[in-house]
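What follows is the content of work21.txt, which has compact mmCIF, C-alpha atoms:
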```txt
# COMPACT_ATOMS: atom_id res chain seq x y z
CA MET P 1 14.38 39.36 110.76
CA THR P 2 11.02 40.05 112.38
CA THR P 3 9.75 39.14 115.79
CA HIS P 4 6.44 39.25 117.60
CA SER P 5 5.44 41.98 120.05
CA VAL P 6 3.85 41.47 123.45
CA PRO P 7 2.49 43.77 126.18
CA LEU P 8 5.31 44.98 128.40
CA SER P 9 3.51 43.46 131.41
CA GLU P 10 4.35 39.98 130.04
CA LEU P 11 8.09 40.69 130.23
CA VAL P 12 8.38 42.61 133.49
CA GLU P 13 6.89 42.96 136.96
CA PHE P 14 5.50 46.34 137.90
CA ASN P 15 6.04 47.74 141.37
CA PRO P 16 6.84 44.37 143.00
CA THR P 17 6.53 44.26 146.79
CA PRO P 18 9.16 42.63 149.01
CA GLY P 19 6.63 40.14 150.32
CA ARG P 20 5.15 39.59 153.75
CA ASN P 21 8.07 37.52 155.05
CA PHE P 22 10.85 39.63 153.56
CA VAL P 23 13.59 40.55 156.03
CA GLY P 24 15.57 43.47 154.69
CA PRO P 25 19.32 43.96 155.04
CA GLU P 26 20.66 46.34 157.68
CA VAL P 27 21.68 48.95 155.10
CA VAL P 28 20.13 49.82 151.72
CA SER P 29 20.81 52.40 149.01
CA PHE P 30 18.42 55.34 148.95
CA LEU P 31 17.63 57.26 145.75
CA GLY P 32 15.67 60.49 145.63
CA MET P 33 14.25 61.95 142.43
CA ALA P 34 17.37 64.12 142.03
CA ASP P 35 19.51 60.94 142.00
CA VAL P 36 17.96 59.81 138.71
CA SER P 37 19.26 61.76 135.72
CA GLU P 38 17.56 62.65 132.46
CA ARG P 39 20.33 60.68 130.70
CA GLY P 40 19.13 57.36 132.08
CA THR P 41 21.64 56.87 134.89
CA THR P 42 21.38 56.84 138.67
CA ALA P 43 23.63 57.76 141.55
CA SER P 44 25.02 54.86 143.59
CA GLY P 45 22.68 55.79 146.42
CA GLU P 46 22.93 57.10 149.97
CA ASP P 47 23.41 54.45 152.67
CA ARG P 48 20.40 54.30 155.00
CA GLU P 49 19.22 51.82 157.59
CA TYR P 50 16.53 49.57 156.16
CA SER P 51 14.33 50.10 159.22
CA ALA P 52 14.22 53.83 158.44
CA VAL P 53 12.99 53.43 154.86
CA SER P 54 11.04 50.15 154.92
CA LYS P 55 7.76 52.07 155.11
CA GLY P 56 6.69 55.16 153.22
CA TYR P 57 9.17 54.69 150.36
CA THR P 58 9.36 52.68 147.13
CA PRO P 59 11.38 49.44 147.44
CA PHE P 60 13.48 48.19 144.53
CA ARG P 61 16.52 46.06 143.73
CA ASN P 62 19.79 46.77 142.00
CA GLY P 63 19.13 46.47 138.26
CA ASP P 64 15.45 47.43 138.44
CA ILE P 65 14.27 50.19 136.12
CA LEU P 66 12.94 53.32 137.82
CA VAL P 67 10.38 55.38 135.90
CA ALA P 68 9.52 58.80 137.34
CA LYS P 69 5.74 58.95 137.26
CA ILE P 70 5.14 62.63 138.11
CA THR P 71 5.23 65.66 135.83
CA PRO P 72 7.62 67.10 134.67
CA CYS P 73 10.13 64.41 135.69
CA PHE P 74 8.59 61.79 133.39
CA GLN P 75 8.64 64.11 130.37
CA ASN P 76 12.22 65.16 131.20
CA GLY P 77 13.38 61.55 130.84
CA LYS P 78 14.01 60.46 134.43
CA ILE P 79 13.87 56.79 133.44
CA ALA P 80 16.93 54.77 134.48
CA GLN P 81 18.25 51.39 135.51
CA ALA P 82 19.29 51.43 139.17
CA ARG P 83 23.04 50.98 139.68
CA ILE P 84 23.39 51.13 143.45
CA ASN P 85 25.89 50.01 146.08
CA HIS P 86 23.60 47.45 147.69
CA ASP P 87 21.31 44.71 146.40
CA VAL P 88 18.27 46.41 147.89
CA GLY P 89 17.25 50.04 147.52
CA ALA P 90 14.47 52.43 148.52
CA GLY P 91 13.44 55.65 146.92
CA SER P 92 10.85 58.28 146.12
CA THR P 93 7.21 57.28 146.05
CA GLU P 94 7.10 58.99 142.64
CA PHE P 95 8.86 56.04 140.97
CA HIS P 96 7.27 53.18 139.09
CA VAL P 97 9.53 50.13 139.52
CA VAL P 98 9.94 47.87 136.48
CA ARG P 99 11.66 44.51 137.11
CA PRO P 100 12.55 42.32 134.09
CA ARG P 101 11.52 38.67 134.34
CA ASP P 102 13.84 35.74 133.56
CA GLY P 103 14.91 35.76 129.93
CA VAL P 104 14.48 39.53 129.59
CA ASP P 105 17.43 41.93 129.42
CA GLY P 106 17.07 45.01 131.61
CA ARG P 107 19.00 47.29 129.24
CA TYR P 108 16.76 46.23 126.36
CA VAL P 109 13.68 47.22 128.38
CA LEU P 110 15.31 50.47 129.51
CA ARG P 111 16.10 51.51 125.94
CA PHE P 112 12.53 50.75 124.96
CA LEU P 113 11.06 52.87 127.76
CA ARG P 114 13.34 55.82 127.04
CA GLN P 115 11.92 56.33 123.55
CA GLU P 116 10.64 59.84 123.00
CA TRP P 117 7.24 58.71 121.69
CA ILE P 118 6.56 56.82 124.92
CA ARG P 119 7.17 59.95 127.00
CA ARG P 120 5.13 62.07 124.62
CA GLU P 121 2.19 59.66 124.60
CA GLY P 122 2.55 59.05 128.35
CA GLU P 123 2.19 62.79 128.97
CA SER P 124 -1.20 62.73 127.24
CA ARG P 125 -2.30 59.77 129.42
CA MET P 126 -1.41 61.40 132.75
CA THR P 127 -4.05 61.66 135.44
CA GLY P 128 -4.46 64.28 138.15
CA SER P 129 -4.16 68.05 137.90
CA GLY P 130 -1.53 70.78 138.06
CA GLY P 131 1.86 69.71 139.38
CA GLN P 132 0.38 66.43 140.64
CA ARG P 133 -0.22 64.80 137.25
CA ARG P 134 1.21 61.27 136.98
CA VAL P 135 1.61 58.67 134.27
CA PRO P 136 -0.46 55.62 135.29
CA GLU P 137 0.95 52.11 135.56
CA VAL P 138 -1.79 50.82 133.25
CA TYR P 139 -0.33 52.89 130.38
CA LEU P 140 3.11 51.33 130.80
CA ARG P 141 1.72 47.82 131.21
CA ALA P 142 -0.09 47.94 127.87
CA LEU P 143 2.88 49.14 125.79
CA LYS P 144 3.72 46.67 123.02
CA ILE P 145 7.40 45.64 122.89
CA PRO P 146 9.11 43.28 120.40
CA PHE P 147 10.36 40.15 122.13
CA PRO P 148 13.37 38.61 120.36
CA PRO P 149 15.63 35.94 121.93
CA LEU P 150 17.71 37.05 124.92
CA ALA P 151 20.96 37.11 122.93
CA GLU P 152 19.38 39.47 120.40
CA GLN P 153 18.02 41.69 123.19
CA LYS P 154 21.53 41.99 124.63
CA ARG P 155 23.03 42.77 121.22
CA ILE P 156 20.49 45.50 120.53
CA ALA P 157 20.99 47.03 123.97
CA ALA P 158 24.79 46.92 123.61
CA VAL P 159 24.72 48.75 120.26
CA LEU P 160 22.39 51.43 121.62
CA ASP P 161 24.46 51.75 124.80
CA GLN P 162 27.68 52.22 122.82
CA LEU P 163 26.14 54.86 120.59
CA ASP P 164 24.61 56.61 123.59
CA THR P 165 28.05 56.70 125.23
CA LEU P 166 29.37 58.59 122.19
CA ARG P 167 26.46 61.02 122.48
CA ALA P 168 27.19 61.52 126.18
CA LYS P 169 30.85 62.31 125.45
CA ARG P 170 29.83 64.91 122.89
CA ARG P 171 27.39 66.46 125.39
CA ASP P 172 30.15 66.51 127.99
CA ALA P 173 32.41 68.40 125.57
CA ILE P 174 29.66 70.99 125.10
CA THR P 175 29.25 71.22 128.88
CA LEU P 176 32.98 71.90 129.25
CA LEU P 177 32.57 74.80 126.85
CA ASP P 178 29.67 76.03 128.98
CA ASP P 179 31.97 75.84 132.00
CA LEU P 180 34.53 77.87 130.07
CA THR P 181 31.88 80.56 129.57
CA GLN P 182 31.42 80.75 133.33
CA SER P 183 35.20 80.86 133.85
CA ILE P 184 35.46 83.83 131.48
CA PHE P 185 32.54 85.45 133.29
CA LEU P 186 34.25 85.09 136.68
CA ASP P 187 37.54 86.35 135.30
CA MET P 188 35.96 89.48 133.83
CA PHE P 189 33.34 90.30 136.45
CA GLY P 190 34.50 88.57 139.64
CA ASN P 191 32.52 86.45 142.09
CA PRO P 192 28.84 87.52 142.08
CA ALA P 193 28.40 86.27 145.66
CA THR P 194 30.89 88.83 147.02
CA ASN P 195 31.01 91.38 144.18
CA SER P 196 34.77 90.94 144.42
CA MET P 197 35.47 93.65 141.83
CA GLY P 198 33.38 96.26 143.55
CA TRP P 199 30.91 97.01 140.76
CA PRO P 200 27.88 99.20 141.48
CA LEU P 201 25.00 97.02 142.69
CA GLY P 202 21.38 97.07 141.62
CA THR P 203 18.56 94.63 141.00
CA VAL P 204 17.68 92.58 137.95
CA LYS P 205 14.58 94.75 137.52
CA GLU P 206 16.75 97.84 137.03
CA ILE P 207 18.40 96.41 133.91
CA LEU P 208 15.20 95.12 132.29
CA GLU P 209 12.86 96.56 129.73
CA SER P 210 10.26 93.96 130.72
CA ALA P 211 9.62 90.68 132.57
CA THR P 212 6.63 88.80 131.18
CA TYR P 213 5.01 85.43 131.84
CA GLY P 214 4.42 83.10 128.89
CA THR P 215 1.18 82.01 127.27
CA SER P 216 -1.33 79.70 128.91
CA GLU P 217 -2.72 78.59 125.54
CA LYS P 218 -2.75 74.82 125.10
CA ALA P 219 -0.09 73.70 122.61
CA SER P 220 -0.34 70.65 120.35
CA LEU P 221 1.93 68.47 118.23
CA SER P 222 1.09 70.43 115.08
CA GLY P 223 0.43 74.06 114.35
CA ASP P 224 1.88 77.26 112.97
CA VAL P 225 4.15 78.68 115.68
CA PRO P 226 6.64 76.69 117.82
CA VAL P 227 6.28 77.23 121.56
CA LEU P 228 9.19 76.83 123.99
CA ARG P 229 8.37 74.98 127.20
CA MET P 230 10.29 74.22 130.38
CA GLY P 231 11.96 71.18 128.81
CA ASN P 232 13.38 73.31 126.00
CA VAL P 233 15.43 75.34 128.48
CA THR P 234 18.30 73.07 129.49
CA SER P 235 20.15 72.94 132.80
CA THR P 236 23.34 73.98 130.95
CA GLY P 237 21.85 77.29 129.83
CA GLU P 238 20.94 76.33 126.26
CA ILE P 239 17.67 76.34 124.34
CA ASP P 240 16.91 72.92 122.88
CA MET P 241 14.78 73.25 119.76
CA THR P 242 13.76 69.57 119.66
CA ASN P 243 10.54 68.08 121.03
CA LEU P 244 8.59 71.24 120.24
CA LYS P 245 4.88 71.81 120.46
CA TYR P 246 2.93 74.38 118.45
CA LEU P 247 0.26 77.06 118.62
CA THR P 248 -2.07 78.23 115.86
CA ILE P 249 -1.70 81.72 114.41
CA GLU P 250 -4.80 82.74 116.37
CA GLN P 251 -3.27 81.54 119.67
CA ALA P 252 0.17 83.10 119.12
CA SER P 253 -0.21 86.62 120.49
CA GLU P 254 2.73 88.97 119.91
CA LYS P 255 2.80 89.49 123.68
CA TYR P 256 4.12 85.94 124.10
CA MET P 257 6.74 85.89 121.35
CA VAL P 258 10.49 85.59 121.82
CA ARG P 259 13.10 87.57 119.89
CA ARG P 260 16.89 87.29 119.64
CA GLY P 261 18.52 88.33 122.92
CA ASP P 262 15.58 87.50 125.18
CA VAL P 263 16.47 85.51 128.30
CA LEU P 264 14.01 82.79 129.32
CA PHE P 265 13.78 81.87 133.00
CA ASN P 266 12.16 78.62 134.18
CA ARG P 267 10.02 79.66 137.14
CA THR P 268 8.36 76.29 137.90
CA ASN P 269 9.99 72.87 137.87
CA SER P 270 11.40 70.19 140.14
CA ALA P 271 13.56 71.73 142.89
CA GLU P 272 16.88 70.98 141.20
CA LEU P 273 15.82 72.54 137.90
CA VAL P 274 13.81 75.61 138.88
CA GLY P 275 15.64 78.78 137.87
CA LYS P 276 17.43 77.39 134.81
CA SER P 277 17.87 80.18 132.27
CA ALA P 278 18.90 80.51 128.63
CA ILE P 279 19.27 83.20 125.99
CA TYR P 280 17.48 82.94 122.66
CA ARG P 281 20.03 83.41 119.84
CA ARG P 282 17.85 82.73 116.78
CA ASP P 283 15.89 84.93 114.40
CA GLU P 284 12.87 82.63 113.92
CA SER P 285 9.66 83.67 115.68
CA VAL P 286 8.71 81.39 118.55
CA ALA P 287 6.33 81.67 121.50
CA TYR P 288 6.99 80.67 125.08
CA ALA P 289 4.82 78.87 127.63
CA GLY P 290 3.52 79.96 131.02
CA TYR P 291 6.13 78.10 133.09
CA LEU P 292 8.72 80.48 131.62
CA VAL P 293 9.39 84.17 132.22
CA ARG P 294 10.81 86.30 129.41
CA LEU P 295 13.44 88.76 130.63
CA ARG P 296 14.21 91.49 128.08
CA VAL P 297 17.14 93.77 128.97
CA ASP P 298 17.22 97.49 128.28
CA GLU P 299 19.61 99.17 125.83
CA SER P 300 22.23 99.98 128.47
CA ASN P 301 22.92 96.29 129.23
CA ASN P 302 23.79 93.11 127.34
CA PRO P 303 21.62 89.98 127.55
CA GLU P 304 24.64 87.65 127.43
CA TYR P 305 25.81 89.17 130.71
CA LEU P 306 22.39 88.64 132.34
CA ALA P 307 22.14 85.04 131.08
CA ALA P 308 25.59 84.18 132.43
CA TYR P 309 24.78 85.88 135.73
CA LEU P 310 21.58 83.86 136.15
CA ASN P 311 23.50 80.65 135.41
CA SER P 312 26.27 81.42 137.92
CA ALA P 313 26.71 79.31 141.05
CA TYR P 314 25.66 82.33 143.11
CA ALA P 315 22.35 82.72 141.27
CA LYS P 316 21.55 79.01 141.36
CA ALA P 317 22.11 78.93 145.13
CA TRP P 318 19.94 82.03 145.46
CA PHE P 319 17.13 80.36 143.51
CA ARG P 320 17.28 77.24 145.67
CA ALA P 321 17.04 79.36 148.81
CA LYS P 322 14.13 81.45 147.50
CA CYS P 323 11.96 78.84 145.78
CA LYS P 324 8.72 77.74 147.37
CA SER P 325 6.93 74.42 147.01
CA ILE P 326 3.46 74.78 145.49
CA VAL P 327 1.47 71.64 144.67
CA GLY P 328 4.62 69.52 144.67
CA MET P 329 6.60 71.87 142.40
CA ALA P 330 9.30 74.42 143.20
CA ASN P 331 8.34 77.96 142.22
CA ILE P 332 9.93 81.40 141.88
CA ASN P 333 7.81 84.23 140.51
CA ALA P 334 8.86 87.07 138.21
CA LYS P 335 8.77 89.62 141.04
CA GLU P 336 11.27 87.59 143.06
CA VAL P 337 13.63 87.18 140.11
CA GLN P 338 13.59 90.92 139.50
CA ALA P 339 14.50 91.54 143.15
CA MET P 340 17.76 89.60 142.85
CA ARG P 341 20.89 91.62 143.47
CA ILE P 342 23.10 92.02 140.41
CA ALA P 343 26.44 93.71 139.77
CA MET P 344 26.34 96.44 137.09
CA PRO P 345 29.64 96.54 135.17
CA PRO P 346 29.99 99.03 132.28
CA LEU P 347 28.35 98.17 128.97
CA ASP P 348 31.66 98.04 127.06
CA LEU P 349 32.88 95.24 129.34
CA GLN P 350 29.58 93.40 128.94
CA MET P 351 29.99 93.72 125.16
CA LYS P 352 33.53 92.33 125.35
CA PHE P 353 32.17 89.35 127.28
CA ALA P 354 29.46 88.88 124.64
CA GLU P 355 32.16 88.69 121.93
CA SER P 356 33.91 85.91 123.87
CA VAL P 357 30.61 84.05 124.16
CA LYS P 358 30.06 84.45 120.41
CA ALA P 359 33.43 82.81 119.68
CA LEU P 360 32.65 79.92 122.03
CA GLU P 361 29.23 79.51 120.46
CA SER P 362 30.89 78.98 117.09
CA VAL P 363 32.89 76.05 118.51
CA LYS P 364 29.80 74.68 120.24
CA ARG P 365 27.85 74.75 116.97
CA ALA P 366 30.37 72.33 115.47
CA HIS P 367 29.99 70.02 118.47
CA ARG P 368 26.21 70.28 118.29
CA ALA P 369 26.24 69.39 114.58
CA HIS P 370 28.17 66.21 115.36
CA LEU P 371 25.83 65.47 118.26
CA ALA P 372 22.83 65.98 115.98
CA ALA P 373 24.24 63.41 113.54
CA LEU P 374 24.75 60.95 116.39
CA ASP P 375 21.23 61.63 117.66
CA GLU P 376 19.79 60.97 114.21
CA LEU P 377 21.68 57.68 113.94
CA PHE P 378 20.62 56.66 117.46
CA GLU P 379 16.96 57.41 116.78
CA SER P 380 17.09 55.49 113.50
CA LEU P 381 18.63 52.38 115.05
CA GLN P 382 16.30 52.58 118.05
CA GLN P 383 13.24 52.86 115.83
CA ARG P 384 14.33 49.88 113.74
CA ALA P 385 14.99 47.80 116.83
CA TYR P 386 11.64 48.42 118.49
CA SER P 387 9.45 48.45 115.40
CA GLY P 388 9.88 44.70 115.16
CA GLN P 389 12.21 45.00 112.16
CA LEU P 390 15.39 43.96 113.90
CA TRP P 391 18.73 44.63 112.25
CA ASP P 392 20.76 41.87 110.72
CA HIS P 393 24.37 41.60 111.92
CA GLU P 394 25.81 43.39 108.89
CA ALA P 395 23.58 46.44 109.41
CA ALA P 396 24.46 46.59 113.12
```

For the file at hand, write its structure as structure tokens.
Amino acid sequence: MTTHSVPLSELVEFNPTPGRNFVGPEVVSFLGMADVSERGTTASGEDREYSAVSKGYTPFRNGDILVAKITPCFQNGKIAQARINHDVGAGSTEFHVVRPRDGVDGRYVLRFLRQEWIRREGESRMTGSGGQRRVPEVYLRALKIPFPPLAEQKRIAAVLDQLDTLRAKRRDAITLLDDLTQSIFLDMFGNPATNSMGWPLGTVKEILESATYGTSEKASLSGDVPVLRMGNVTSTGEIDMTNLKYLTIEQASEKYMVRRGDVLFNRTNSAELVGKSAIYRRDESVAYAGYLVRLRVDESNNPEYLAAYLNSAYAKAWFRAKCKSIVGMANINAKEVQAMRIAMPPLDLQMKFAESVKALESVKRAHRAHLAALDELFESLQQRAYSGQLWDHEAA
């Protein structure tokens, strides 16, 4: 079955205002940028008096779709349907509000907007400079979306929601394994905040061979050498090799290449994500971008220990306390990272920890393989749904 496509602006309202005569409720739900996740969900919201947020914030209703407009939040997938405790909400001025009209299913629109190609193309349409670049409303308004009957919209959204739930459960299983890594770390090395095992103390700089900023060369969708960017370093301490950009051979200086065992530190991001770190465990040659710092340990230390230390609760709290806001983005420079206090256990204990991590990584690879299969199926069904070639009931 095929269906016609229309501009998204025909199916939704963009950034609707309450109206001149609107009298708000006493209490509304407030959502900040951190309350919208990259998985397409929102928190239930913080109760605030309407009078305190009626001006200077973005108004919305329960069920509206919130699209983060500012970089890097838009690229990171902060696009979600509001599920809040009250009928009326208020939030960050960095949200576009998308409200489905009658006869349009909100989940269907949400699944459309969360497609990777929309974020990728939207990034190229952003206006502004530096950390203040934003995706314009006019780009979203012009997007062409298939418009089947409401019952078909709901069916498509339900299938995608169910499959996405399976993907989320698989990700949660991987996260639990990440938590187990931290549990083993604490058991072997103690609490970093108090150095409960009494290890000798030093600084991160003392265990490094080098700390180097990434390349400022402009990457593109095609090229010779993959380049890791801030979005490729996940908040769970992994390196995600999807959604890559590329440099040419001429751009890819050896100075900006990553090798197995290098730890990448995200020095610039939104406040809740600055400081995320991950170890590179592959043999393929890749470059890394300027928002990242490459930390390369010396021969008397193990990179798995450093990566786990940087992902500990102590380190994350330290980053939040140290980061500065520059042009709307949180920042920590390489010098500050190297000044962080770090316990220095003996190398043989670090190596024992690395062996435990290796065993856990083997289990995680199996989970990731299943997740990759689910991701492939999800992308296939999503593409078929929004290309105008809607599935028949047997295929669904």

Check which residues of range 254-313 of chain P sit at most 12 Å from range 192-197 of chain P using all atoms listed in the file, and return one row each with the closest pair of atoms and their distance in Å to one decimal, ordered by chain and rising number, as a tab-separated table.
```
residue	atom	partner	partner_atom	distance
P:Tyr305	CA	P:Pro192	CA	11.9
P:Leu306	CA	P:Pro192	CA	11.7
P:Ala308	CA	P:Pro192	CA	10.7
P:Tyr309	CA	P:Pro192	CA	7.7
P:Leu310	CA	P:Pro192	CA	10.1
P:Asn311	CA	P:Pro192	CA	11.0
P:Ser312	CA	P:Pro192	CA	7.8
P:Ala313	CA	P:Ala193	CA	8.5
```

Residue with the minimum atom-to-atom distance to Val297 in chain P, picked from P:Ser380, P:Gly103, P:Ala211, P:Ala369 with only C-alpha atoms counted, is P:Ala211

As a check of understanding: the span from CA of Ser277 in chain P to CA of Phe319 in chain P is 11.3 Å

- Task: One decimal, Å: what's the distance from CA of Met126 in chain P over to CA of Arg229 in chain P, could you say?
- Result: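 Result for CA of Met126 in chain P versus CA of Arg229 in chain P: 17.6 Å, one decimal.
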
Given the point (7.1, 49.4, 116.8) in the coordinates of this file, which residues lie within 10 Å, counting all atoms listed in the file, and how would they look as number ranges by chain? P: 5, 112, 143-146, 382-389

Counting all atoms listed in the file, which residues have an atom no more than 9 Å from (34.2, 80.3, 126.7) in the file's coordinates? Please list them as a CSV table (one decimal) with C-alpha atoms, keeping the file's coordinate frame.
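Contents of the output file out.csv:
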```csv
chain,number,residue,atom,x,y,z
P,176,LEU,CA,33.0,71.9,129.2
P,177,LEU,CA,32.6,74.8,126.8
P,178,ASP,CA,29.7,76.0,129.0
P,179,ASP,CA,32.0,75.8,132.0
P,180,LEU,CA,34.5,77.9,130.1
P,181,THR,CA,31.9,80.6,129.6
P,182,GLN,CA,31.4,80.8,133.3
P,183,SER,CA,35.2,80.9,133.8
P,184,ILE,CA,35.5,83.8,131.5
P,185,PHE,CA,32.5,85.4,133.3
P,356,SER,CA,33.9,85.9,123.9
P,357,VAL,CA,30.6,84.0,124.2
P,358,LYS,CA,30.1,84.4,120.4
P,359,ALA,CA,33.4,82.8,119.7
P,360,LEU,CA,32.6,79.9,122.0
P,361,GLU,CA,29.2,79.5,120.5
```

Q) Restricting the calculation to all atoms listed in the file, which member of P:Asn333, P:Ser210, P:Ser51, P:Ser362 is positioned closest to Leu295 in chain P? A)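 Residue with the minimum atom-to-atom distance to Leu295 in chain P: P:Ser210.
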
So, counting all atoms listed in the file, which residue among P:Arg365, P:Lys245, P:Arg39, P:Arg341 is closest to Ile207 in chain P?
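With all atoms listed in the file as the atom set, the closest residue is P:Arg341.
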
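What separates CA of Ala142 in chain P from CA of Val98 in chain P is a distance of 13.2 Å.
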
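Nearest to Val159 in chain P of all the residues P:Leu381, P:Leu221, P:Val28, P:Val227 is P:Leu381, counting only C-alpha atoms.
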
query: Near Thr212 in chain P, within 8 Å and counting all atoms listed in the file, which residues show up once chain neighbours fewer than 5 positions away are dropped, as a list in words?
result: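 Everything that qualifies: Val293, Arg294, Leu295 and Ala334 of chain P.
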
Next, dump the selected residues to file, keeping only C-alpha atoms, as an mmCIF file, keeping the file's coordinate frame.
```cif
data_model
loop_
_atom_site.group_PDB
_atom_site.id
_atom_site.type_symbol
_atom_site.label_atom_id
_atom_site.label_comp_id
_atom_site.auth_asym_id
_atom_site.auth_seq_id
_atom_site.Cartn_x
_atom_site.Cartn_y
_atom_site.Cartn_z
ATOM 1 C CA VAL P 293 9.390 84.170 132.220
ATOM 2 C CA ARG P 294 10.810 86.300 129.410
ATOM 3 C CA LEU P 295 13.440 88.760 130.630
ATOM 4 C CA ALA P 334 8.860 87.070 138.210
#
```

One residue among P:Leu31, P:Ala271, P:Val363, P:Ile279 is nearest to Arg48 in chain P when using all atoms listed in the file, and that residue is P:Leu31

(message) From the options P:Tyr108, P:Phe189, P:Phe95, P:Tyr256, which residue's atoms come nearest to Gln153 in chain P, counting all atoms listed in the file?
(response)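 Counting all atoms listed in the file, the residue closest to Gln153 in chain P is P:Tyr108.
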